[in-house]
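What's in my_file_27.cif: mmCIF, N, CA and C atoms
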```cif
data_upload
loop_
_atom_site.label_atom_id
_atom_site.label_comp_id
_atom_site.auth_asym_id
_atom_site.auth_seq_id
_atom_site.Cartn_x
_atom_site.Cartn_y
_atom_site.Cartn_z
N MET A 57 0.84 -1.19 0.00
CA MET A 57 0.00 0.00 0.00
C MET A 57 0.88 1.25 0.00
N LYS A 58 0.47 2.24 -0.74
CA LYS A 58 1.25 3.47 -0.81
C LYS A 58 1.09 4.26 0.48
N ASN A 59 2.16 4.96 0.86
CA ASN A 59 2.05 5.82 2.04
C ASN A 59 1.77 7.25 1.59
N GLU A 60 1.62 8.15 2.57
CA GLU A 60 1.29 9.54 2.25
C GLU A 60 2.33 10.18 1.34
N ASN A 61 3.61 9.91 1.57
CA ASN A 61 4.66 10.50 0.73
C ASN A 61 4.52 10.09 -0.72
N ASP A 62 4.17 8.81 -0.96
CA ASP A 62 4.04 8.30 -2.32
C ASP A 62 2.88 8.94 -3.07
N THR A 63 1.82 9.29 -2.36
CA THR A 63 0.64 9.84 -3.02
C THR A 63 0.59 11.37 -2.96
N MET A 64 1.25 11.94 -1.97
CA MET A 64 1.20 13.40 -1.83
C MET A 64 1.99 14.11 -2.92
N ALA A 65 3.12 13.57 -3.32
CA ALA A 65 3.93 14.21 -4.37
C ALA A 65 3.15 14.33 -5.68
N PRO A 66 2.47 13.26 -6.15
CA PRO A 66 1.67 13.42 -7.37
C PRO A 66 0.54 14.44 -7.20
N LEU A 67 -0.04 14.50 -6.00
CA LEU A 67 -1.10 15.49 -5.75
C LEU A 67 -0.54 16.90 -5.85
N LEU A 68 0.61 17.14 -5.27
CA LEU A 68 1.23 18.46 -5.35
C LEU A 68 1.59 18.82 -6.79
N ARG A 69 2.04 17.83 -7.57
CA ARG A 69 2.33 18.08 -8.99
C ARG A 69 1.04 18.42 -9.75
N ALA A 70 -0.03 17.68 -9.46
CA ALA A 70 -1.31 17.94 -10.12
C ALA A 70 -1.84 19.33 -9.75
N LEU A 71 -1.66 19.74 -8.50
CA LEU A 71 -2.06 21.09 -8.10
C LEU A 71 -1.27 22.13 -8.88
N SER A 72 0.02 21.91 -9.03
CA SER A 72 0.87 22.84 -9.77
C SER A 72 0.45 22.91 -11.23
N GLY A 73 0.17 21.76 -11.83
CA GLY A 73 -0.25 21.74 -13.23
C GLY A 73 -1.58 22.44 -13.43
N SER A 74 -2.52 22.18 -12.55
CA SER A 74 -3.82 22.83 -12.64
C SER A 74 -3.68 24.34 -12.45
N ARG A 75 -2.85 24.74 -11.50
CA ARG A 75 -2.63 26.17 -11.26
C ARG A 75 -2.08 26.85 -12.50
N ARG A 76 -1.09 26.24 -13.12
CA ARG A 76 -0.49 26.83 -14.32
C ARG A 76 -1.51 26.92 -15.46
N ALA A 77 -2.32 25.89 -15.61
CA ALA A 77 -3.34 25.91 -16.66
C ALA A 77 -4.33 27.05 -16.44
N TYR A 78 -4.76 27.24 -15.20
CA TYR A 78 -5.69 28.33 -14.91
C TYR A 78 -5.05 29.70 -15.13
N LEU A 79 -3.79 29.86 -14.75
CA LEU A 79 -3.12 31.15 -14.97
C LEU A 79 -3.00 31.46 -16.45
N SER A 80 -2.65 30.46 -17.24
CA SER A 80 -2.55 30.68 -18.69
C SER A 80 -3.91 30.98 -19.31
N ALA A 81 -4.92 30.27 -18.86
CA ALA A 81 -6.27 30.52 -19.37
C ALA A 81 -6.73 31.93 -18.99
N ALA A 82 -6.38 32.37 -17.78
CA ALA A 82 -6.76 33.72 -17.35
C ALA A 82 -6.13 34.79 -18.25
N GLU A 83 -4.90 34.54 -18.68
CA GLU A 83 -4.23 35.49 -19.57
C GLU A 83 -4.82 35.44 -20.98
N ARG A 84 -5.30 34.28 -21.38
CA ARG A 84 -5.73 34.08 -22.75
C ARG A 84 -7.17 34.52 -23.02
N THR A 85 -8.05 34.34 -22.04
CA THR A 85 -9.46 34.63 -22.29
C THR A 85 -9.71 36.14 -22.48
N GLN A 86 -10.70 36.43 -23.28
CA GLN A 86 -11.07 37.83 -23.53
C GLN A 86 -12.12 38.33 -22.54
N TRP A 87 -12.68 37.42 -21.77
CA TRP A 87 -13.75 37.74 -20.83
C TRP A 87 -13.17 38.08 -19.46
N LYS A 88 -13.40 39.30 -19.00
CA LYS A 88 -12.82 39.74 -17.72
C LYS A 88 -13.33 38.92 -16.54
N THR A 89 -14.62 38.60 -16.52
CA THR A 89 -15.14 37.84 -15.39
C THR A 89 -14.58 36.42 -15.38
N LEU A 90 -14.41 35.84 -16.55
CA LEU A 90 -13.84 34.50 -16.64
C LEU A 90 -12.36 34.53 -16.25
N SER A 91 -11.66 35.57 -16.68
CA SER A 91 -10.25 35.72 -16.32
C SER A 91 -10.10 35.80 -14.80
N ARG A 92 -10.98 36.57 -14.16
CA ARG A 92 -10.93 36.70 -12.70
C ARG A 92 -11.20 35.35 -12.03
N ALA A 93 -12.20 34.63 -12.54
CA ALA A 93 -12.53 33.32 -11.98
C ALA A 93 -11.35 32.36 -12.13
N PHE A 94 -10.66 32.41 -13.27
CA PHE A 94 -9.51 31.54 -13.49
C PHE A 94 -8.35 31.92 -12.57
N ARG A 95 -8.14 33.20 -12.37
CA ARG A 95 -7.08 33.63 -11.45
C ARG A 95 -7.40 33.20 -10.01
N ASP A 96 -8.67 33.29 -9.65
CA ASP A 96 -9.08 32.84 -8.32
C ASP A 96 -8.85 31.34 -8.15
N ALA A 97 -9.18 30.56 -9.18
CA ALA A 97 -8.96 29.11 -9.12
C ALA A 97 -7.46 28.81 -9.00
N ALA A 98 -6.65 29.53 -9.75
CA ALA A 98 -5.19 29.33 -9.68
C ALA A 98 -4.68 29.65 -8.27
N GLU A 99 -5.19 30.71 -7.69
CA GLU A 99 -4.77 31.09 -6.34
C GLU A 99 -5.20 30.04 -5.32
N ARG A 100 -6.40 29.49 -5.50
CA ARG A 100 -6.85 28.42 -4.59
C ARG A 100 -5.88 27.24 -4.62
N ARG A 101 -5.42 26.89 -5.81
CA ARG A 101 -4.50 25.75 -5.93
C ARG A 101 -3.16 26.05 -5.26
N ARG A 102 -2.71 27.29 -5.34
CA ARG A 102 -1.46 27.66 -4.65
C ARG A 102 -1.65 27.53 -3.15
N VAL A 103 -2.77 28.02 -2.65
CA VAL A 103 -3.06 27.94 -1.22
C VAL A 103 -3.25 26.49 -0.79
N PHE A 104 -3.92 25.68 -1.62
CA PHE A 104 -4.10 24.27 -1.30
C PHE A 104 -2.75 23.59 -1.10
N ALA A 105 -1.83 23.82 -2.03
CA ALA A 105 -0.50 23.20 -1.94
C ALA A 105 0.22 23.68 -0.67
N GLU A 106 0.11 24.96 -0.40
CA GLU A 106 0.74 25.52 0.80
C GLU A 106 0.20 24.85 2.07
N HIS A 107 -1.12 24.70 2.14
CA HIS A 107 -1.73 24.07 3.31
C HIS A 107 -1.32 22.60 3.42
N LEU A 108 -1.26 21.90 2.30
CA LEU A 108 -0.85 20.49 2.34
C LEU A 108 0.58 20.35 2.81
N ARG A 109 1.43 21.27 2.40
CA ARG A 109 2.83 21.22 2.85
C ARG A 109 2.93 21.50 4.35
N GLU A 110 2.01 22.31 4.89
CA GLU A 110 2.02 22.62 6.32
C GLU A 110 1.57 21.45 7.18
N VAL A 111 0.55 20.71 6.74
CA VAL A 111 -0.01 19.66 7.59
C VAL A 111 0.33 18.25 7.13
N GLY A 112 0.77 18.09 5.89
CA GLY A 112 1.06 16.77 5.35
C GLY A 112 2.50 16.39 5.55
N PRO A 113 2.88 15.25 4.98
CA PRO A 113 4.27 14.81 5.09
C PRO A 113 5.19 15.75 4.32
N ASP A 114 6.44 15.78 4.71
CA ASP A 114 7.43 16.64 4.07
C ASP A 114 7.80 16.04 2.70
N VAL A 115 7.26 16.64 1.64
CA VAL A 115 7.47 16.12 0.29
C VAL A 115 8.02 17.24 -0.59
N GLU A 116 9.11 16.99 -1.20
CA GLU A 116 9.68 17.91 -2.19
C GLU A 116 9.83 17.15 -3.50
N PRO A 117 9.34 17.71 -4.63
CA PRO A 117 9.48 17.01 -5.90
C PRO A 117 10.94 16.91 -6.32
N SER A 118 11.28 15.77 -6.90
CA SER A 118 12.65 15.56 -7.38
C SER A 118 12.87 16.31 -8.68
N ARG A 119 14.13 16.41 -9.11
CA ARG A 119 14.44 17.08 -10.37
C ARG A 119 13.79 16.37 -11.55
N SER A 120 13.75 15.03 -11.54
CA SER A 120 13.13 14.31 -12.65
C SER A 120 11.63 14.58 -12.69
N VAL A 121 11.01 14.71 -11.53
CA VAL A 121 9.60 15.04 -11.45
C VAL A 121 9.37 16.44 -12.00
N LEU A 122 10.22 17.37 -11.62
CA LEU A 122 10.09 18.73 -12.12
C LEU A 122 10.26 18.77 -13.64
N GLY A 123 11.18 17.98 -14.17
CA GLY A 123 11.38 17.92 -15.61
C GLY A 123 10.16 17.36 -16.32
N ALA A 124 9.57 16.32 -15.75
CA ALA A 124 8.37 15.73 -16.34
C ALA A 124 7.21 16.73 -16.30
N LEU A 125 7.10 17.46 -15.18
CA LEU A 125 6.06 18.47 -15.07
C LEU A 125 6.27 19.57 -16.10
N ARG A 126 7.49 19.99 -16.31
CA ARG A 126 7.80 21.02 -17.31
C ARG A 126 7.42 20.54 -18.71
N THR A 127 7.74 19.30 -19.04
CA THR A 127 7.40 18.74 -20.35
C THR A 127 5.88 18.68 -20.53
N TRP A 128 5.18 18.21 -19.50
CA TRP A 128 3.72 18.15 -19.56
C TRP A 128 3.16 19.55 -19.76
N TRP A 129 3.71 20.51 -19.03
CA TRP A 129 3.20 21.87 -19.11
C TRP A 129 3.39 22.45 -20.51
N MET A 130 4.49 22.14 -21.17
CA MET A 130 4.72 22.65 -22.52
C MET A 130 3.61 22.17 -23.47
N SER A 131 3.20 20.91 -23.35
CA SER A 131 2.15 20.40 -24.23
C SER A 131 0.80 21.04 -23.89
N VAL A 132 0.54 21.25 -22.61
CA VAL A 132 -0.70 21.91 -22.20
C VAL A 132 -0.73 23.34 -22.71
N ARG A 133 0.38 24.04 -22.57
CA ARG A 133 0.45 25.43 -23.02
C ARG A 133 0.16 25.53 -24.51
N ASP A 134 0.68 24.60 -25.29
CA ASP A 134 0.42 24.61 -26.72
C ASP A 134 -1.06 24.42 -27.02
N ARG A 135 -1.72 23.52 -26.28
CA ARG A 135 -3.15 23.29 -26.50
C ARG A 135 -3.99 24.46 -26.03
N LEU A 136 -3.53 25.19 -25.02
CA LEU A 136 -4.27 26.35 -24.54
C LEU A 136 -4.36 27.44 -25.59
N SER A 137 -3.41 27.48 -26.49
CA SER A 137 -3.38 28.54 -27.49
C SER A 137 -4.29 28.27 -28.67
N GLU A 138 -4.93 27.10 -28.73
CA GLU A 138 -5.75 26.75 -29.87
C GLU A 138 -7.00 27.62 -29.99
N ASP A 139 -7.94 27.50 -29.10
CA ASP A 139 -9.19 28.26 -29.10
C ASP A 139 -9.83 28.14 -27.73
N ASP A 140 -10.97 28.81 -27.53
CA ASP A 140 -11.63 28.77 -26.22
C ASP A 140 -12.03 27.35 -25.84
N HIS A 141 -12.55 26.59 -26.79
CA HIS A 141 -12.96 25.22 -26.51
C HIS A 141 -11.75 24.40 -26.05
N GLY A 142 -10.63 24.54 -26.74
CA GLY A 142 -9.41 23.83 -26.36
C GLY A 142 -8.92 24.24 -24.99
N MET A 143 -8.98 25.54 -24.72
CA MET A 143 -8.55 26.06 -23.42
C MET A 143 -9.40 25.47 -22.29
N LEU A 144 -10.71 25.46 -22.49
CA LEU A 144 -11.60 24.93 -21.45
C LEU A 144 -11.44 23.42 -21.30
N THR A 145 -11.18 22.73 -22.39
CA THR A 145 -10.95 21.28 -22.34
C THR A 145 -9.69 20.97 -21.54
N VAL A 146 -8.64 21.75 -21.75
CA VAL A 146 -7.40 21.56 -21.00
C VAL A 146 -7.64 21.77 -19.51
N LEU A 147 -8.41 22.78 -19.16
CA LEU A 147 -8.71 23.03 -17.74
C LEU A 147 -9.49 21.85 -17.15
N GLU A 148 -10.45 21.34 -17.91
CA GLU A 148 -11.20 20.17 -17.44
C GLU A 148 -10.27 18.99 -17.21
N GLN A 149 -9.39 18.73 -18.16
CA GLN A 149 -8.47 17.60 -18.04
C GLN A 149 -7.53 17.77 -16.84
N ALA A 150 -7.04 18.98 -16.63
CA ALA A 150 -6.15 19.24 -15.50
C ALA A 150 -6.87 19.01 -14.18
N ASP A 151 -8.13 19.45 -14.10
CA ASP A 151 -8.88 19.27 -12.85
C ASP A 151 -9.31 17.82 -12.66
N GLU A 152 -9.61 17.11 -13.74
CA GLU A 152 -9.94 15.69 -13.61
C GLU A 152 -8.72 14.91 -13.10
N ALA A 153 -7.53 15.25 -13.61
CA ALA A 153 -6.30 14.61 -13.10
C ALA A 153 -6.08 14.97 -11.63
N LEU A 154 -6.38 16.20 -11.29
CA LEU A 154 -6.23 16.64 -9.90
C LEU A 154 -7.20 15.88 -8.99
N LEU A 155 -8.45 15.72 -9.42
CA LEU A 155 -9.41 14.97 -8.62
C LEU A 155 -8.98 13.51 -8.47
N ASP A 156 -8.41 12.93 -9.52
CA ASP A 156 -7.88 11.56 -9.42
C ASP A 156 -6.80 11.49 -8.35
N SER A 157 -5.94 12.50 -8.29
CA SER A 157 -4.88 12.53 -7.28
C SER A 157 -5.46 12.64 -5.88
N TYR A 158 -6.49 13.48 -5.71
CA TYR A 158 -7.14 13.58 -4.40
C TYR A 158 -7.74 12.23 -4.00
N ARG A 159 -8.43 11.57 -4.94
CA ARG A 159 -9.04 10.27 -4.63
C ARG A 159 -7.98 9.25 -4.23
N GLU A 160 -6.83 9.27 -4.90
CA GLU A 160 -5.77 8.32 -4.58
C GLU A 160 -5.22 8.56 -3.17
N VAL A 161 -5.01 9.82 -2.82
CA VAL A 161 -4.51 10.11 -1.47
C VAL A 161 -5.56 9.72 -0.43
N LEU A 162 -6.81 10.05 -0.69
CA LEU A 162 -7.87 9.75 0.27
C LEU A 162 -8.13 8.25 0.41
N ALA A 163 -7.81 7.47 -0.61
CA ALA A 163 -7.99 6.02 -0.55
C ALA A 163 -6.94 5.35 0.32
N GLY A 164 -5.83 6.04 0.54
CA GLY A 164 -4.76 5.48 1.37
C GLY A 164 -5.00 5.75 2.83
N GLU A 165 -4.07 5.26 3.63
CA GLU A 165 -4.14 5.49 5.07
C GLU A 165 -3.50 6.82 5.39
N LEU A 166 -4.25 7.69 6.03
CA LEU A 166 -3.75 9.00 6.41
C LEU A 166 -3.48 9.01 7.91
N ASP A 167 -2.39 9.66 8.29
CA ASP A 167 -2.00 9.70 9.69
C ASP A 167 -2.79 10.73 10.49
N SER A 168 -3.49 11.62 9.81
CA SER A 168 -4.11 12.73 10.49
C SER A 168 -5.54 12.95 10.00
N LYS A 169 -6.47 13.05 10.94
CA LYS A 169 -7.86 13.39 10.59
C LYS A 169 -7.92 14.81 10.02
N HIS A 170 -7.07 15.68 10.57
CA HIS A 170 -7.03 17.05 10.07
C HIS A 170 -6.65 17.06 8.59
N LEU A 171 -5.68 16.26 8.20
CA LEU A 171 -5.27 16.17 6.80
C LEU A 171 -6.40 15.63 5.95
N GLU A 172 -7.12 14.63 6.45
CA GLU A 172 -8.23 14.06 5.69
C GLU A 172 -9.33 15.09 5.46
N VAL A 173 -9.68 15.85 6.48
CA VAL A 173 -10.70 16.89 6.35
C VAL A 173 -10.23 17.95 5.35
N LEU A 174 -8.99 18.36 5.46
CA LEU A 174 -8.44 19.35 4.53
C LEU A 174 -8.51 18.85 3.09
N LEU A 175 -8.11 17.60 2.87
CA LEU A 175 -8.14 17.02 1.52
C LEU A 175 -9.56 16.97 0.98
N ARG A 176 -10.51 16.59 1.80
CA ARG A 176 -11.91 16.51 1.34
C ARG A 176 -12.48 17.89 1.01
N LEU A 177 -12.14 18.88 1.80
CA LEU A 177 -12.59 20.24 1.51
C LEU A 177 -11.98 20.75 0.20
N GLN A 178 -10.70 20.52 0.02
CA GLN A 178 -10.04 20.94 -1.22
C GLN A 178 -10.62 20.21 -2.42
N GLU A 179 -10.83 18.92 -2.27
CA GLU A 179 -11.39 18.13 -3.37
C GLU A 179 -12.76 18.69 -3.78
N SER A 180 -13.56 19.07 -2.81
CA SER A 180 -14.88 19.63 -3.07
C SER A 180 -14.77 20.95 -3.86
N GLU A 181 -13.83 21.79 -3.49
CA GLU A 181 -13.66 23.06 -4.20
C GLU A 181 -13.16 22.85 -5.63
N VAL A 182 -12.27 21.88 -5.81
CA VAL A 182 -11.79 21.56 -7.16
C VAL A 182 -12.96 21.06 -8.01
N ARG A 183 -13.81 20.23 -7.42
CA ARG A 183 -14.97 19.72 -8.14
C ARG A 183 -15.89 20.88 -8.57
N GLU A 184 -16.09 21.86 -7.70
CA GLU A 184 -16.90 23.03 -8.05
C GLU A 184 -16.27 23.80 -9.21
N ASP A 185 -14.95 23.98 -9.17
CA ASP A 185 -14.27 24.67 -10.27
C ASP A 185 -14.43 23.90 -11.58
N LEU A 186 -14.31 22.58 -11.50
CA LEU A 186 -14.47 21.75 -12.69
C LEU A 186 -15.88 21.89 -13.26
N GLU A 187 -16.88 21.89 -12.41
CA GLU A 187 -18.27 22.06 -12.88
C GLU A 187 -18.45 23.42 -13.56
N HIS A 188 -17.83 24.44 -13.01
CA HIS A 188 -17.90 25.79 -13.60
C HIS A 188 -17.27 25.80 -14.99
N VAL A 189 -16.09 25.21 -15.12
CA VAL A 189 -15.40 25.17 -16.41
C VAL A 189 -16.19 24.33 -17.41
N SER A 190 -16.72 23.20 -16.97
CA SER A 190 -17.50 22.34 -17.86
C SER A 190 -18.74 23.06 -18.38
N ALA A 191 -19.39 23.82 -17.53
CA ALA A 191 -20.56 24.59 -17.95
C ALA A 191 -20.17 25.62 -19.01
N HIS A 192 -19.04 26.29 -18.83
CA HIS A 192 -18.57 27.26 -19.82
C HIS A 192 -18.24 26.58 -21.14
N ARG A 193 -17.60 25.40 -21.06
CA ARG A 193 -17.24 24.69 -22.29
C ARG A 193 -18.50 24.27 -23.05
N ARG A 194 -19.50 23.77 -22.34
CA ARG A 194 -20.75 23.37 -23.00
C ARG A 194 -21.44 24.58 -23.63
N ALA A 195 -21.46 25.71 -22.92
CA ALA A 195 -22.07 26.92 -23.46
C ALA A 195 -21.31 27.42 -24.69
N GLU A 196 -19.98 27.39 -24.61
CA GLU A 196 -19.16 27.83 -25.74
C GLU A 196 -19.41 26.93 -26.94
N LYS A 197 -19.52 25.64 -26.71
CA LYS A 197 -19.75 24.69 -27.80
C LYS A 197 -21.12 24.92 -28.43
N ALA A 198 -22.15 25.18 -27.61
CA ALA A 198 -23.49 25.45 -28.11
C ALA A 198 -23.51 26.70 -28.98
N VAL A 199 -22.81 27.73 -28.54
CA VAL A 199 -22.76 28.98 -29.31
C VAL A 199 -22.04 28.75 -30.63
N ARG A 200 -20.96 27.98 -30.57
CA ARG A 200 -20.18 27.70 -31.77
C ARG A 200 -20.99 26.91 -32.80
N GLN A 201 -21.84 26.00 -32.33
CA GLN A 201 -22.63 25.17 -33.23
C GLN A 201 -23.88 25.87 -33.74
N ALA A 202 -24.28 26.96 -33.09
CA ALA A 202 -25.49 27.67 -33.49
C ALA A 202 -25.30 28.47 -34.76
#
```

Could you take the file, read its structure, and then write that structure out as structure tokens?
Amino acid sequence: MKNENDTMAPLLRALSGSRRAYLSAAERTQWKTLSRAFRDAAERRRVFAEHLREVGPDVEPSRSVLGALRTWWMSVRDRLSEDDHGMLTVLEQADEALLDSYREVLAGELDSKHLEVLLRLQESEVREDLEHVSAHRRAEKAVRQA
């Protein structure tokens, strides 16, 4: 069975990837309210990672992990530049990967009830952000097809 260190590092990487995707989307979108919402989501992910580092196990990503994250980010950045539909799809994918990471950590044995509560609250907020992005993508697709 994986321990907290084994599952927390991928979660922190997923938070970083999701944060970067939201920041890029905030810069790219022409809609001020959407840009603000994306910046807020990016900030939440930064705060989530900070809180996890405070209460969770001491995890620092290795250089190879950072290199893999950089490579992944380059491909995401390229897809963000395609169009609004592509941008929203990338955000959905980043948050779905993030939710998978939360589920994996929560499925393991956690040493702290406080950490479990924190993870569940964060997971809930990520799910709300994902629902918001999905609704925008569906609306954008409907407008495009009309």

Exercise for review: Record the distance separating atom CA of His188 of chain A and atom CA of Val173 of chain A, expressed in Å with one decimal.
Suggested key: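 Interatomic distance here is 23.0 Å.
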
Exercise for review: For atom CA of Leu67 of chain A and atom CA of Arg194 of chain A, quote the distance in Å rounded to one decimal.
Suggested key: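 Distance between the two atoms: 27.3 Å.
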
Practice item. Measuring atom to atom with all atoms listed in the file, identify which of A:Lys197, A:Lys88, A:Arg159, A:Arg76 is nearest to Arg101 of chain A. Key: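 Distance minimum relative to Arg101 of chain A lands on A:Arg76.
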
Practice item. Carefully work through the PyMOL selection byres (((chain A and resi 105 and name CA) around 12) and name CA) for this structure and note down the residues it includes, as a PyMOL selection string. Key: chain A and resi 64-75+98-104+106-116+154+158+174-175+178

6 Å contact set for segment 79-85 of chain A, only C-alpha atoms, chain neighbours under 4 positions out, as a PDB file with N, CA and C atoms, keeping the file's coordinate frame:
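Saved to out_39.pdb:
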```pdb
ATOM      1  N   SER A  91     -11.660  35.570 -16.680  1.00  0.00           N
ATOM      2  CA  SER A  91     -10.250  35.720 -16.320  1.00  0.00           C
ATOM      3  C   SER A  91     -10.100  35.800 -14.800  1.00  0.00           C
ATOM      4  N   PHE A  94     -10.660  32.410 -13.270  1.00  0.00           N
ATOM      5  CA  PHE A  94      -9.510  31.540 -13.490  1.00  0.00           C
ATOM      6  C   PHE A  94      -8.350  31.920 -12.570  1.00  0.00           C
ATOM      7  N   ARG A  95      -8.140  33.200 -12.370  1.00  0.00           N
ATOM      8  CA  ARG A  95      -7.080  33.630 -11.450  1.00  0.00           C
ATOM      9  C   ARG A  95      -7.400  33.200 -10.010  1.00  0.00           C
ATOM     10  N   ALA A  98      -6.650  29.530  -9.750  1.00  0.00           N
ATOM     11  CA  ALA A  98      -5.190  29.330  -9.680  1.00  0.00           C
ATOM     12  C   ALA A  98      -4.680  29.650  -8.270  1.00  0.00           C
TER      13      ALA A  98
END
```

Could I get segment 145-165 of chain A from the block written as a PDB file, in the first residue's frame, with N, CA and C atoms?
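Ended up saving to decode_29.pdb:
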```pdb
ATOM      1  N   THR A 145     -11.185  22.725 -22.394  1.00  0.00           N
ATOM      2  CA  THR A 145     -10.953  21.285 -22.344  1.00  0.00           C
ATOM      3  C   THR A 145      -9.692  20.973 -21.543  1.00  0.00           C
ATOM      4  N   VAL A 146      -8.639  21.755 -21.753  1.00  0.00           N
ATOM      5  CA  VAL A 146      -7.397  21.558 -20.998  1.00  0.00           C
ATOM      6  C   VAL A 146      -7.639  21.773 -19.506  1.00  0.00           C
ATOM      7  N   LEU A 147      -8.411  22.783 -19.157  1.00  0.00           N
ATOM      8  CA  LEU A 147      -8.713  23.028 -17.745  1.00  0.00           C
ATOM      9  C   LEU A 147      -9.491  21.855 -17.155  1.00  0.00           C
ATOM     10  N   GLU A 148     -10.448  21.339 -17.913  1.00  0.00           N
ATOM     11  CA  GLU A 148     -11.203  20.174 -17.435  1.00  0.00           C
ATOM     12  C   GLU A 148     -10.269  18.987 -17.205  1.00  0.00           C
ATOM     13  N   GLN A 149      -9.392  18.725 -18.158  1.00  0.00           N
ATOM     14  CA  GLN A 149      -8.468  17.596 -18.035  1.00  0.00           C
ATOM     15  C   GLN A 149      -7.534  17.771 -16.839  1.00  0.00           C
ATOM     16  N   ALA A 150      -7.045  18.981 -16.634  1.00  0.00           N
ATOM     17  CA  ALA A 150      -6.147  19.242 -15.502  1.00  0.00           C
ATOM     18  C   ALA A 150      -6.874  19.007 -14.180  1.00  0.00           C
ATOM     19  N   ASP A 151      -8.129  19.455 -14.096  1.00  0.00           N
ATOM     20  CA  ASP A 151      -8.878  19.266 -12.854  1.00  0.00           C
ATOM     21  C   ASP A 151      -9.315  17.820 -12.664  1.00  0.00           C
ATOM     22  N   GLU A 152      -9.606  17.106 -13.743  1.00  0.00           N
ATOM     23  CA  GLU A 152      -9.937  15.685 -13.612  1.00  0.00           C
ATOM     24  C   GLU A 152      -8.720  14.915 -13.104  1.00  0.00           C
ATOM     25  N   ALA A 153      -7.533  15.246 -13.606  1.00  0.00           N
ATOM     26  CA  ALA A 153      -6.302  14.609 -13.103  1.00  0.00           C
ATOM     27  C   ALA A 153      -6.084  14.973 -11.630  1.00  0.00           C
ATOM     28  N   LEU A 154      -6.377  16.202 -11.289  1.00  0.00           N
ATOM     29  CA  LEU A 154      -6.234  16.642  -9.902  1.00  0.00           C
ATOM     30  C   LEU A 154      -7.200  15.883  -8.991  1.00  0.00           C
ATOM     31  N   LEU A 155      -8.445  15.723  -9.418  1.00  0.00           N
ATOM     32  CA  LEU A 155      -9.413  14.969  -8.620  1.00  0.00           C
ATOM     33  C   LEU A 155      -8.979  13.509  -8.471  1.00  0.00           C
ATOM     34  N   ASP A 156      -8.405  12.927  -9.518  1.00  0.00           N
ATOM     35  CA  ASP A 156      -7.877  11.559  -9.420  1.00  0.00           C
ATOM     36  C   ASP A 156      -6.795  11.491  -8.347  1.00  0.00           C
ATOM     37  N   SER A 157      -5.942  12.505  -8.292  1.00  0.00           N
ATOM     38  CA  SER A 157      -4.882  12.535  -7.278  1.00  0.00           C
ATOM     39  C   SER A 157      -5.460  12.643  -5.878  1.00  0.00           C
ATOM     40  N   TYR A 158      -6.489  13.482  -5.712  1.00  0.00           N
ATOM     41  CA  TYR A 158      -7.143  13.578  -4.399  1.00  0.00           C
ATOM     42  C   TYR A 158      -7.735  12.230  -4.003  1.00  0.00           C
ATOM     43  N   ARG A 159      -8.430  11.568  -4.942  1.00  0.00           N
ATOM     44  CA  ARG A 159      -9.036  10.270  -4.633  1.00  0.00           C
ATOM     45  C   ARG A 159      -7.976   9.250  -4.227  1.00  0.00           C
ATOM     46  N   GLU A 160      -6.834   9.270  -4.903  1.00  0.00           N
ATOM     47  CA  GLU A 160      -5.768   8.322  -4.583  1.00  0.00           C
ATOM     48  C   GLU A 160      -5.225   8.559  -3.175  1.00  0.00           C
ATOM     49  N   VAL A 161      -5.012   9.817  -2.820  1.00  0.00           N
ATOM     50  CA  VAL A 161      -4.513  10.109  -1.471  1.00  0.00           C
ATOM     51  C   VAL A 161      -5.559   9.717  -0.431  1.00  0.00           C
ATOM     52  N   LEU A 162      -6.814  10.053  -0.694  1.00  0.00           N
ATOM     53  CA  LEU A 162      -7.866   9.750   0.274  1.00  0.00           C
ATOM     54  C   LEU A 162      -8.128   8.245   0.408  1.00  0.00           C
ATOM     55  N   ALA A 163      -7.811   7.470  -0.608  1.00  0.00           N
ATOM     56  CA  ALA A 163      -7.993   6.016  -0.549  1.00  0.00           C
ATOM     57  C   ALA A 163      -6.935   5.351   0.324  1.00  0.00           C
ATOM     58  N   GLY A 164      -5.831   6.037   0.539  1.00  0.00           N
ATOM     59  CA  GLY A 164      -4.759   5.482   1.367  1.00  0.00           C
ATOM     60  C   GLY A 164      -5.001   5.746   2.834  1.00  0.00           C
ATOM     61  N   GLU A 165      -4.066   5.265   3.626  1.00  0.00           N
ATOM     62  CA  GLU A 165      -4.142   5.487   5.065  1.00  0.00           C
ATOM     63  C   GLU A 165      -3.498   6.824   5.392  1.00  0.00           C
TER      64      GLU A 165
END
```
